[in-house]
Amino acid sequence: MKKHRLLFLLTAFILAVSCQKTNENDPFELLTAPIWVSDSLLVDGVDASGPGQVLEKFRGEARCNRDATGYFGQYTGQWRFADNRTQIVITTDSLPIPLTTLISELTSSSLKINTAYPSLTNPDEEMQIRMTFKAK
(Lines give C-alpha, C1' and ligand atoms only; values in the text may rest on other atoms or scores of the structure.)
Protein backbone atom coordinates (compact mmCIF):
# COMPACT_ATOMS: atom_id res chain seq x y z
CA MET A 1 0.00 0.00 0.00
CA LYS A 2 2.86 2.39 0.82
CA LYS A 3 4.43 1.65 -2.58
CA HIS A 4 1.18 2.56 -4.35
CA ARG A 5 0.86 5.81 -2.42
CA LEU A 6 4.47 6.72 -3.16
CA LEU A 7 4.01 5.85 -6.83
CA PHE A 8 0.83 7.95 -6.97
CA LEU A 9 2.56 10.95 -5.35
CA LEU A 10 5.55 10.64 -7.66
CA THR A 11 3.27 10.48 -10.72
CA ALA A 12 1.25 13.49 -9.54
CA PHE A 13 4.45 15.48 -8.99
CA ILE A 14 5.78 14.62 -12.46
CA LEU A 15 2.49 15.61 -14.07
CA ALA A 16 2.38 18.90 -12.17
CA VAL A 17 5.93 19.78 -13.19
CA SER A 18 5.41 18.83 -16.84
CA CYS A 19 2.15 20.83 -17.06
CA GLN A 20 3.89 23.82 -15.53
CA LYS A 21 6.64 23.68 -18.15
CA THR A 22 4.07 23.46 -20.96
CA ASN A 23 2.38 26.66 -19.76
CA GLU A 24 5.70 28.54 -19.90
CA ASN A 25 5.66 28.23 -23.71
CA ASP A 26 1.92 28.67 -24.20
CA PRO A 27 1.33 31.75 -26.40
CA PHE A 28 -1.73 32.75 -24.35
CA GLU A 29 0.29 32.74 -21.12
CA LEU A 30 3.25 34.52 -22.73
CA LEU A 31 1.03 37.24 -24.18
CA THR A 32 -1.21 37.87 -21.18
CA ALA A 33 1.30 37.64 -18.32
CA PRO A 34 3.27 40.90 -18.69
CA ILE A 35 2.48 44.49 -19.40
CA TRP A 36 4.28 45.25 -22.65
CA VAL A 37 6.13 48.51 -23.34
CA SER A 38 6.70 49.67 -26.91
CA ASP A 39 10.31 49.40 -28.00
CA SER A 40 10.11 50.29 -31.68
CA LEU A 41 7.19 51.23 -33.92
CA LEU A 42 8.17 51.24 -37.58
CA VAL A 43 6.34 51.92 -40.84
CA ASP A 44 8.23 50.86 -43.96
CA GLY A 45 11.35 50.54 -41.79
CA VAL A 46 11.18 54.10 -40.41
CA ASP A 47 10.28 55.16 -36.87
CA ALA A 48 6.62 56.23 -36.85
CA SER A 49 6.08 56.72 -33.10
CA GLY A 50 6.75 60.44 -32.83
CA PRO A 51 4.21 63.26 -32.43
CA GLY A 52 1.77 63.33 -35.34
CA GLN A 53 3.09 60.11 -36.85
CA VAL A 54 1.01 57.06 -37.80
CA LEU A 55 1.89 54.86 -34.79
CA GLU A 56 2.09 57.61 -32.17
CA LYS A 57 -1.00 56.32 -30.36
CA PHE A 58 0.48 52.80 -30.07
CA ARG A 59 3.45 54.17 -28.10
CA GLY A 60 3.58 53.31 -24.41
CA GLU A 61 2.14 50.33 -22.59
CA ALA A 62 0.07 47.51 -24.00
CA ARG A 63 -1.83 44.87 -22.06
CA CYS A 64 -3.63 41.81 -23.39
CA ASN A 65 -5.98 40.73 -20.63
CA ARG A 66 -7.03 37.13 -20.13
CA ASP A 67 -10.66 38.05 -20.99
CA ALA A 68 -9.59 39.15 -24.52
CA THR A 69 -9.85 42.87 -23.76
CA GLY A 70 -6.87 45.15 -23.58
CA TYR A 71 -5.22 48.45 -24.21
CA PHE A 72 -2.61 49.16 -26.80
CA GLY A 73 -1.01 52.54 -26.19
CA GLN A 74 -3.94 54.96 -26.30
CA TYR A 75 -6.31 52.43 -27.88
CA THR A 76 -8.66 50.14 -25.99
CA GLY A 77 -10.41 47.17 -27.51
CA GLN A 78 -10.36 43.42 -27.92
CA TRP A 79 -7.73 40.99 -29.07
CA ARG A 80 -7.78 37.37 -30.21
CA PHE A 81 -5.47 34.80 -31.67
CA ALA A 82 -5.90 33.65 -35.27
CA ASP A 83 -4.28 31.09 -37.56
CA ASN A 84 -3.28 28.60 -34.88
CA ARG A 85 -2.00 31.30 -32.50
CA THR A 86 0.48 32.72 -35.02
CA GLN A 87 -1.50 35.95 -35.43
CA ILE A 88 -3.04 38.52 -33.10
CA VAL A 89 -6.12 40.40 -34.26
CA ILE A 90 -6.74 43.73 -32.51
CA THR A 91 -10.19 45.28 -32.82
CA THR A 92 -10.92 48.80 -31.61
CA ASP A 93 -13.52 51.42 -32.44
CA SER A 94 -10.60 53.80 -33.08
CA LEU A 95 -9.43 51.97 -36.23
CA PRO A 96 -11.57 51.52 -39.35
CA ILE A 97 -10.69 47.82 -39.72
CA PRO A 98 -9.17 45.23 -37.35
CA LEU A 99 -5.39 45.12 -37.16
CA THR A 100 -4.27 41.56 -37.98
CA THR A 101 -0.63 41.00 -37.04
CA LEU A 102 1.78 38.13 -37.58
CA ILE A 103 3.73 37.17 -34.46
CA SER A 104 7.41 36.99 -35.38
CA GLU A 105 8.56 36.57 -31.77
CA LEU A 106 6.76 35.93 -28.49
CA THR A 107 8.75 35.14 -25.36
CA SER A 108 8.34 36.08 -21.72
CA SER A 109 10.36 39.26 -22.36
CA SER A 110 9.80 40.12 -26.04
CA LEU A 111 6.87 40.57 -28.43
CA LYS A 112 7.46 41.36 -32.10
CA ILE A 113 4.61 41.68 -34.57
CA ASN A 114 4.34 42.59 -38.26
CA THR A 115 1.42 43.61 -40.42
CA ALA A 116 0.40 45.35 -43.60
CA TYR A 117 -2.30 47.99 -43.09
CA PRO A 118 -3.96 50.34 -45.58
CA SER A 119 -2.27 53.72 -45.74
CA LEU A 120 -4.28 56.42 -44.01
CA THR A 121 -3.44 58.91 -46.78
CA ASN A 122 -3.77 56.51 -49.75
CA PRO A 123 -5.96 53.43 -49.04
CA ASP A 124 -4.73 51.79 -52.28
CA GLU A 125 -1.26 51.45 -50.70
CA GLU A 126 -0.26 49.35 -47.70
CA MET A 127 2.02 50.39 -44.89
CA GLN A 128 4.45 47.68 -43.72
CA ILE A 129 4.30 47.91 -39.93
CA ARG A 130 6.64 46.32 -37.39
CA MET A 131 6.02 46.79 -33.69
CA THR A 132 8.31 45.46 -30.98
CA PHE A 133 7.61 45.42 -27.26
CA LYS A 134 9.51 44.48 -24.11
CA ALA A 135 7.99 43.11 -20.93
CA LYS A 136 7.75 45.73 -18.21
# chains A, B, ... in the order shown; residues from 1 in each chain; ligands from 1

call {"tool": "select_by_dssp", "arguments": {"residues": "chain A", "states": "alpha helix (DSSP H)", "output": "VMD selection string"}}
result
chain A and resid 2 to 24 27 to 32

call {"tool": "write_last_selection", "arguments": {"atoms": "N, CA and C atoms", "output": "mmCIF file, in the first residue's frame"}}
result
data_model
loop_
_atom_site.group_PDB
_atom_site.id
_atom_site.type_symbol
_atom_site.label_atom_id
_atom_site.label_comp_id
_atom_site.auth_asym_id
_atom_site.auth_seq_id
_atom_site.Cartn_x
_atom_site.Cartn_y
_atom_site.Cartn_z
ATOM 1 N N LYS A 2 1.969 1.231 0.770
ATOM 2 C CA LYS A 2 2.858 2.389 0.815
ATOM 3 C C LYS A 2 3.509 2.621 -0.544
ATOM 4 N N LYS A 3 3.821 1.524 -1.260
ATOM 5 C CA LYS A 3 4.429 1.655 -2.582
ATOM 6 C C LYS A 3 3.457 2.314 -3.556
ATOM 7 N N HIS A 4 2.183 1.974 -3.477
ATOM 8 C CA HIS A 4 1.183 2.564 -4.355
ATOM 9 C C HIS A 4 1.016 4.059 -4.076
ATOM 10 N N ARG A 5 1.006 4.401 -2.798
ATOM 11 C CA ARG A 5 0.862 5.808 -2.416
ATOM 12 C C ARG A 5 2.076 6.600 -2.900
ATOM 13 N N LEU A 6 3.257 6.061 -2.712
ATOM 14 C CA LEU A 6 4.473 6.723 -3.159
ATOM 15 C C LEU A 6 4.481 6.855 -4.682
ATOM 16 N N LEU A 7 4.078 5.818 -5.381
ATOM 17 C CA LEU A 7 4.011 5.849 -6.834
ATOM 18 C C LEU A 7 2.999 6.901 -7.300
ATOM 19 N N PHE A 8 1.851 6.965 -6.638
ATOM 20 C CA PHE A 8 0.834 7.952 -6.968
ATOM 21 C C PHE A 8 1.366 9.372 -6.762
ATOM 22 N N LEU A 9 2.007 9.632 -5.632
ATOM 23 C CA LEU A 9 2.555 10.954 -5.351
ATOM 24 C C LEU A 9 3.641 11.336 -6.350
ATOM 25 N N LEU A 10 4.486 10.399 -6.694
ATOM 26 C CA LEU A 10 5.546 10.644 -7.657
ATOM 27 C C LEU A 10 4.950 10.970 -9.034
ATOM 28 N N THR A 11 3.936 10.227 -9.441
ATOM 29 C CA THR A 11 3.272 10.476 -10.721
ATOM 30 C C THR A 11 2.599 11.846 -10.718
ATOM 31 N N ALA A 12 1.910 12.189 -9.644
ATOM 32 C CA ALA A 12 1.248 13.489 -9.542
ATOM 33 C C ALA A 12 2.269 14.620 -9.611
ATOM 34 N N PHE A 13 3.404 14.461 -8.961
ATOM 35 C CA PHE A 13 4.452 15.475 -8.989
ATOM 36 C C PHE A 13 4.995 15.657 -10.413
ATOM 37 N N ILE A 14 5.256 14.551 -11.092
ATOM 38 C CA ILE A 14 5.784 14.619 -12.461
ATOM 39 C C ILE A 14 4.784 15.301 -13.384
ATOM 40 N N LEU A 15 3.514 14.975 -13.255
ATOM 41 C CA LEU A 15 2.487 15.612 -14.074
ATOM 42 C C LEU A 15 2.394 17.107 -13.789
ATOM 43 N N ALA A 16 2.458 17.478 -12.539
ATOM 44 C CA ALA A 16 2.379 18.896 -12.169
ATOM 45 C C ALA A 16 3.553 19.664 -12.750
ATOM 46 N N VAL A 17 4.743 19.116 -12.658
ATOM 47 C CA VAL A 17 5.931 19.784 -13.187
ATOM 48 C C VAL A 17 5.865 19.865 -14.708
ATOM 49 N N SER A 18 5.454 18.805 -15.376
ATOM 50 C CA SER A 18 5.406 18.834 -16.835
ATOM 51 C C SER A 18 4.329 19.780 -17.339
ATOM 52 N N CYS A 19 3.185 19.873 -16.660
ATOM 53 C CA CYS A 19 2.145 20.826 -17.058
ATOM 54 C C CYS A 19 2.631 22.250 -16.862
ATOM 55 N N GLN A 20 3.372 22.484 -15.807
ATOM 56 C CA GLN A 20 3.887 23.816 -15.535
ATOM 57 C C GLN A 20 4.848 24.244 -16.632
ATOM 58 N N LYS A 21 5.692 23.351 -17.095
ATOM 59 C CA LYS A 21 6.636 23.685 -18.154
ATOM 60 C C LYS A 21 5.913 23.949 -19.464
ATOM 61 N N THR A 22 4.839 23.235 -19.742
ATOM 62 C CA THR A 22 4.069 23.460 -20.956
ATOM 63 C C THR A 22 3.489 24.863 -20.962
ATOM 64 N N ASN A 23 2.980 25.335 -19.841
ATOM 65 C CA ASN A 23 2.379 26.659 -19.759
ATOM 66 C C ASN A 23 3.392 27.771 -19.999
ATOM 67 N N GLU A 24 4.670 27.521 -19.698
ATOM 68 C CA GLU A 24 5.698 28.536 -19.898
ATOM 69 C C GLU A 24 5.845 28.896 -21.374
ATOM 70 N N PRO A 27 1.456 30.373 -25.923
ATOM 71 C CA PRO A 27 1.330 31.755 -26.401
ATOM 72 C C PRO A 27 0.345 32.590 -25.589
ATOM 73 N N PHE A 28 -0.759 32.000 -25.151
ATOM 74 C CA PHE A 28 -1.732 32.749 -24.349
ATOM 75 C C PHE A 28 -1.094 33.241 -23.058
ATOM 76 N N GLU A 29 -0.372 32.364 -22.371
ATOM 77 C CA GLU A 29 0.286 32.741 -21.119
ATOM 78 C C GLU A 29 1.382 33.772 -21.370
ATOM 79 N N LEU A 30 2.166 33.579 -22.423
ATOM 80 C CA LEU A 30 3.248 34.519 -22.729
ATOM 81 C C LEU A 30 2.709 35.907 -23.061
ATOM 82 N N LEU A 31 1.586 35.955 -23.773
ATOM 83 C CA LEU A 31 1.027 37.242 -24.184
ATOM 84 C C LEU A 31 0.325 37.967 -23.045
ATOM 85 N N THR A 32 -0.385 37.227 -22.195
ATOM 86 C CA THR A 32 -1.211 37.873 -21.176
ATOM 87 C C THR A 32 -0.502 38.114 -19.850
#

call {"tool": "residues_around", "arguments": {"residues": "Ser119 (chain A)", "least_positions_apart": "6", "cutoff": "10 Å", "atoms": "only C-alpha atoms", "output": "list in words"}}
result
Val54, Glu125, Glu126, Met127 and Gln128 of chain A

call {"tool": "atom_distance", "arguments": {"atom1": "CA of Gly77 (chain A)", "atom2": "CA of Arg59 (chain A)"}}
result
15.5 Å

call {"tool": "atom_distance", "arguments": {"atom1": "CA of Arg130 (chain A)", "atom2": "CA of Leu95 (chain A)"}}
result
17.1 Å

call {"tool": "residues_around", "arguments": {"residues": "region 106-109 of chain A", "least_positions_apart": "3", "cutoff": "12 Å", "atoms": "only C-alpha atoms", "output": "number ranges by chain"}}
result
A: 23-39, 85-88, 102-103, 112-113, 132-136

call {"tool": "write_last_selection", "arguments": {"atoms": "N, CA and C atoms", "output": "PDB file, in the first residue's frame"}}
result
ATOM      1  N   ASN A  23       2.980  25.335 -19.841  1.00  0.00           N
ATOM      2  CA  ASN A  23       2.379  26.659 -19.759  1.00  0.00           C
ATOM      3  C   ASN A  23       3.392  27.771 -19.999  1.00  0.00           C
ATOM      4  N   GLU A  24       4.670  27.521 -19.698  1.00  0.00           N
ATOM      5  CA  GLU A  24       5.698  28.536 -19.898  1.00  0.00           C
ATOM      6  C   GLU A  24       5.845  28.896 -21.374  1.00  0.00           C
ATOM      7  N   ASN A  25       5.528  27.980 -22.278  1.00  0.00           N
ATOM      8  CA  ASN A  25       5.662  28.230 -23.708  1.00  0.00           C
ATOM      9  C   ASN A  25       4.318  28.452 -24.390  1.00  0.00           C
ATOM     10  N   ASP A  26       3.243  28.477 -23.641  1.00  0.00           N
ATOM     11  CA  ASP A  26       1.921  28.671 -24.200  1.00  0.00           C
ATOM     12  C   ASP A  26       1.773  30.123 -24.643  1.00  0.00           C
ATOM     13  N   PRO A  27       1.456  30.373 -25.923  1.00  0.00           N
ATOM     14  CA  PRO A  27       1.330  31.755 -26.401  1.00  0.00           C
ATOM     15  C   PRO A  27       0.345  32.590 -25.589  1.00  0.00           C
ATOM     16  N   PHE A  28      -0.759  32.000 -25.151  1.00  0.00           N
ATOM     17  CA  PHE A  28      -1.732  32.749 -24.349  1.00  0.00           C
ATOM     18  C   PHE A  28      -1.094  33.241 -23.058  1.00  0.00           C
ATOM     19  N   GLU A  29      -0.372  32.364 -22.371  1.00  0.00           N
ATOM     20  CA  GLU A  29       0.286  32.741 -21.119  1.00  0.00           C
ATOM     21  C   GLU A  29       1.382  33.772 -21.370  1.00  0.00           C
ATOM     22  N   LEU A  30       2.166  33.579 -22.423  1.00  0.00           N
ATOM     23  CA  LEU A  30       3.248  34.519 -22.729  1.00  0.00           C
ATOM     24  C   LEU A  30       2.709  35.907 -23.061  1.00  0.00           C
ATOM     25  N   LEU A  31       1.586  35.955 -23.773  1.00  0.00           N
ATOM     26  CA  LEU A  31       1.027  37.242 -24.184  1.00  0.00           C
ATOM     27  C   LEU A  31       0.325  37.967 -23.045  1.00  0.00           C
ATOM     28  N   THR A  32      -0.385  37.227 -22.195  1.00  0.00           N
ATOM     29  CA  THR A  32      -1.211  37.873 -21.176  1.00  0.00           C
ATOM     30  C   THR A  32      -0.502  38.114 -19.850  1.00  0.00           C
ATOM     31  N   ALA A  33       0.630  37.504 -19.624  1.00  0.00           N
ATOM     32  CA  ALA A  33       1.300  37.644 -18.322  1.00  0.00           C
ATOM     33  C   ALA A  33       1.868  39.047 -18.081  1.00  0.00           C
ATOM     34  N   PRO A  34       2.662  39.590 -18.993  1.00  0.00           N
ATOM     35  CA  PRO A  34       3.273  40.896 -18.688  1.00  0.00           C
ATOM     36  C   PRO A  34       2.458  42.077 -19.197  1.00  0.00           C
ATOM     37  N   ILE A  35       2.854  43.244 -18.744  1.00  0.00           N
ATOM     38  CA  ILE A  35       2.480  44.492 -19.400  1.00  0.00           C
ATOM     39  C   ILE A  35       3.615  44.745 -20.386  1.00  0.00           C
ATOM     40  N   TRP A  36       3.273  45.027 -21.617  1.00  0.00           N
ATOM     41  CA  TRP A  36       4.276  45.251 -22.654  1.00  0.00           C
ATOM     42  C   TRP A  36       4.520  46.755 -22.813  1.00  0.00           C
ATOM     43  N   VAL A  37       5.758  47.127 -23.109  1.00  0.00           N
ATOM     44  CA  VAL A  37       6.127  48.513 -23.339  1.00  0.00           C
ATOM     45  C   VAL A  37       6.719  48.604 -24.749  1.00  0.00           C
ATOM     46  N   SER A  38       6.222  49.554 -25.536  1.00  0.00           N
ATOM     47  CA  SER A  38       6.704  49.665 -26.911  1.00  0.00           C
ATOM     48  C   SER A  38       8.205  49.943 -26.931  1.00  0.00           C
ATOM     49  N   ASP A  39       8.870  49.258 -27.835  1.00  0.00           N
ATOM     50  CA  ASP A  39      10.315  49.397 -27.999  1.00  0.00           C
ATOM     51  C   ASP A  39      10.609  50.104 -29.319  1.00  0.00           C
ATOM     52  N   ARG A  85      -2.761  30.479 -33.450  1.00  0.00           N
ATOM     53  CA  ARG A  85      -2.001  31.304 -32.502  1.00  0.00           C
ATOM     54  C   ARG A  85      -0.708  31.876 -33.085  1.00  0.00           C
ATOM     55  N   THR A  86      -0.677  32.076 -34.395  1.00  0.00           N
ATOM     56  CA  THR A  86       0.479  32.721 -35.020  1.00  0.00           C
ATOM     57  C   THR A  86       0.182  34.177 -35.356  1.00  0.00           C
ATOM     58  N   GLN A  87      -1.086  34.582 -35.163  1.00  0.00           N
ATOM     59  CA  GLN A  87      -1.496  35.948 -35.431  1.00  0.00           C
ATOM     60  C   GLN A  87      -2.278  36.493 -34.238  1.00  0.00           C
ATOM     61  N   ILE A  88      -2.209  37.812 -34.078  1.00  0.00           N
ATOM     62  CA  ILE A  88      -3.036  38.517 -33.098  1.00  0.00           C
ATOM     63  C   ILE A  88      -3.891  39.507 -33.879  1.00  0.00           C
ATOM     64  N   LEU A 102       1.057  39.397 -37.619  1.00  0.00           N
ATOM     65  CA  LEU A 102       1.779  38.132 -37.584  1.00  0.00           C
ATOM     66  C   LEU A 102       2.791  38.200 -36.450  1.00  0.00           C
ATOM     67  N   ILE A 103       2.772  37.216 -35.570  1.00  0.00           N
ATOM     68  CA  ILE A 103       3.730  37.173 -34.462  1.00  0.00           C
ATOM     69  C   ILE A 103       5.061  36.643 -34.994  1.00  0.00           C
ATOM     70  N   LYS A 112       7.205  40.699 -30.821  1.00  0.00           N
ATOM     71  CA  LYS A 112       7.456  41.360 -32.097  1.00  0.00           C
ATOM     72  C   LYS A 112       6.361  40.946 -33.064  1.00  0.00           C
ATOM     73  N   ILE A 113       5.695  41.955 -33.646  1.00  0.00           N
ATOM     74  CA  ILE A 113       4.608  41.681 -34.570  1.00  0.00           C
ATOM     75  C   ILE A 113       4.783  42.493 -35.845  1.00  0.00           C
ATOM     76  N   THR A 132       7.628  46.321 -31.942  1.00  0.00           N
ATOM     77  CA  THR A 132       8.308  45.463 -30.979  1.00  0.00           C
ATOM     78  C   THR A 132       8.054  46.014 -29.568  1.00  0.00           C
ATOM     79  N   PHE A 133       7.909  45.082 -28.630  1.00  0.00           N
ATOM     80  CA  PHE A 133       7.609  45.419 -27.258  1.00  0.00           C
ATOM     81  C   PHE A 133       8.507  44.615 -26.329  1.00  0.00           C
ATOM     82  N   LYS A 134       8.771  45.184 -25.168  1.00  0.00           N
ATOM     83  CA  LYS A 134       9.509  44.482 -24.111  1.00  0.00           C
ATOM     84  C   LYS A 134       8.597  44.353 -22.907  1.00  0.00           C
ATOM     85  N   ALA A 135       8.777  43.289 -22.146  1.00  0.00           N
ATOM     86  CA  ALA A 135       7.988  43.113 -20.927  1.00  0.00           C
ATOM     87  C   ALA A 135       8.431  44.149 -19.906  1.00  0.00           C
ATOM     88  N   LYS A 136       7.461  44.717 -19.212  1.00  0.00           N
ATOM     89  CA  LYS A 136       7.749  45.734 -18.211  1.00  0.00           C
ATOM     90  C   LYS A 136       8.281  45.085 -16.946  1.00  0.00           C
TER      91      LYS A 136
END

call {"tool": "select_by_dssp", "arguments": {"residues": "chain A", "states": "strand (DSSP E or B)", "output": "number ranges by chain"}}
result
A: 36-43, 46-47, 61-64, 69-72, 75-82, 87-91, 99-106, 110-118, 126-135

call {"tool": "atom_distance", "arguments": {"atom1": "CA of Ile129 (chain A)", "atom2": "CA of Glu56 (chain A)"}}
result
12.6 Å

call {"tool": "closest_residue", "arguments": {"among": "A:Leu111, A:Leu55, A:Ile90, A:Ile97", "to": "Tyr71 (chain A)", "atoms": "only C-alpha atoms"}}
result
A:Ile90

call {"tool": "residues_around", "arguments": {"residues": "Gly70 (chain A)", "least_positions_apart": "6", "cutoff": "10 Å", "atoms": "only C-alpha atoms", "output": "JSON, numbers by chain"}}
result
{"A": [32, 62, 63, 64, 76, 77, 78, 79, 90, 91, 92]}
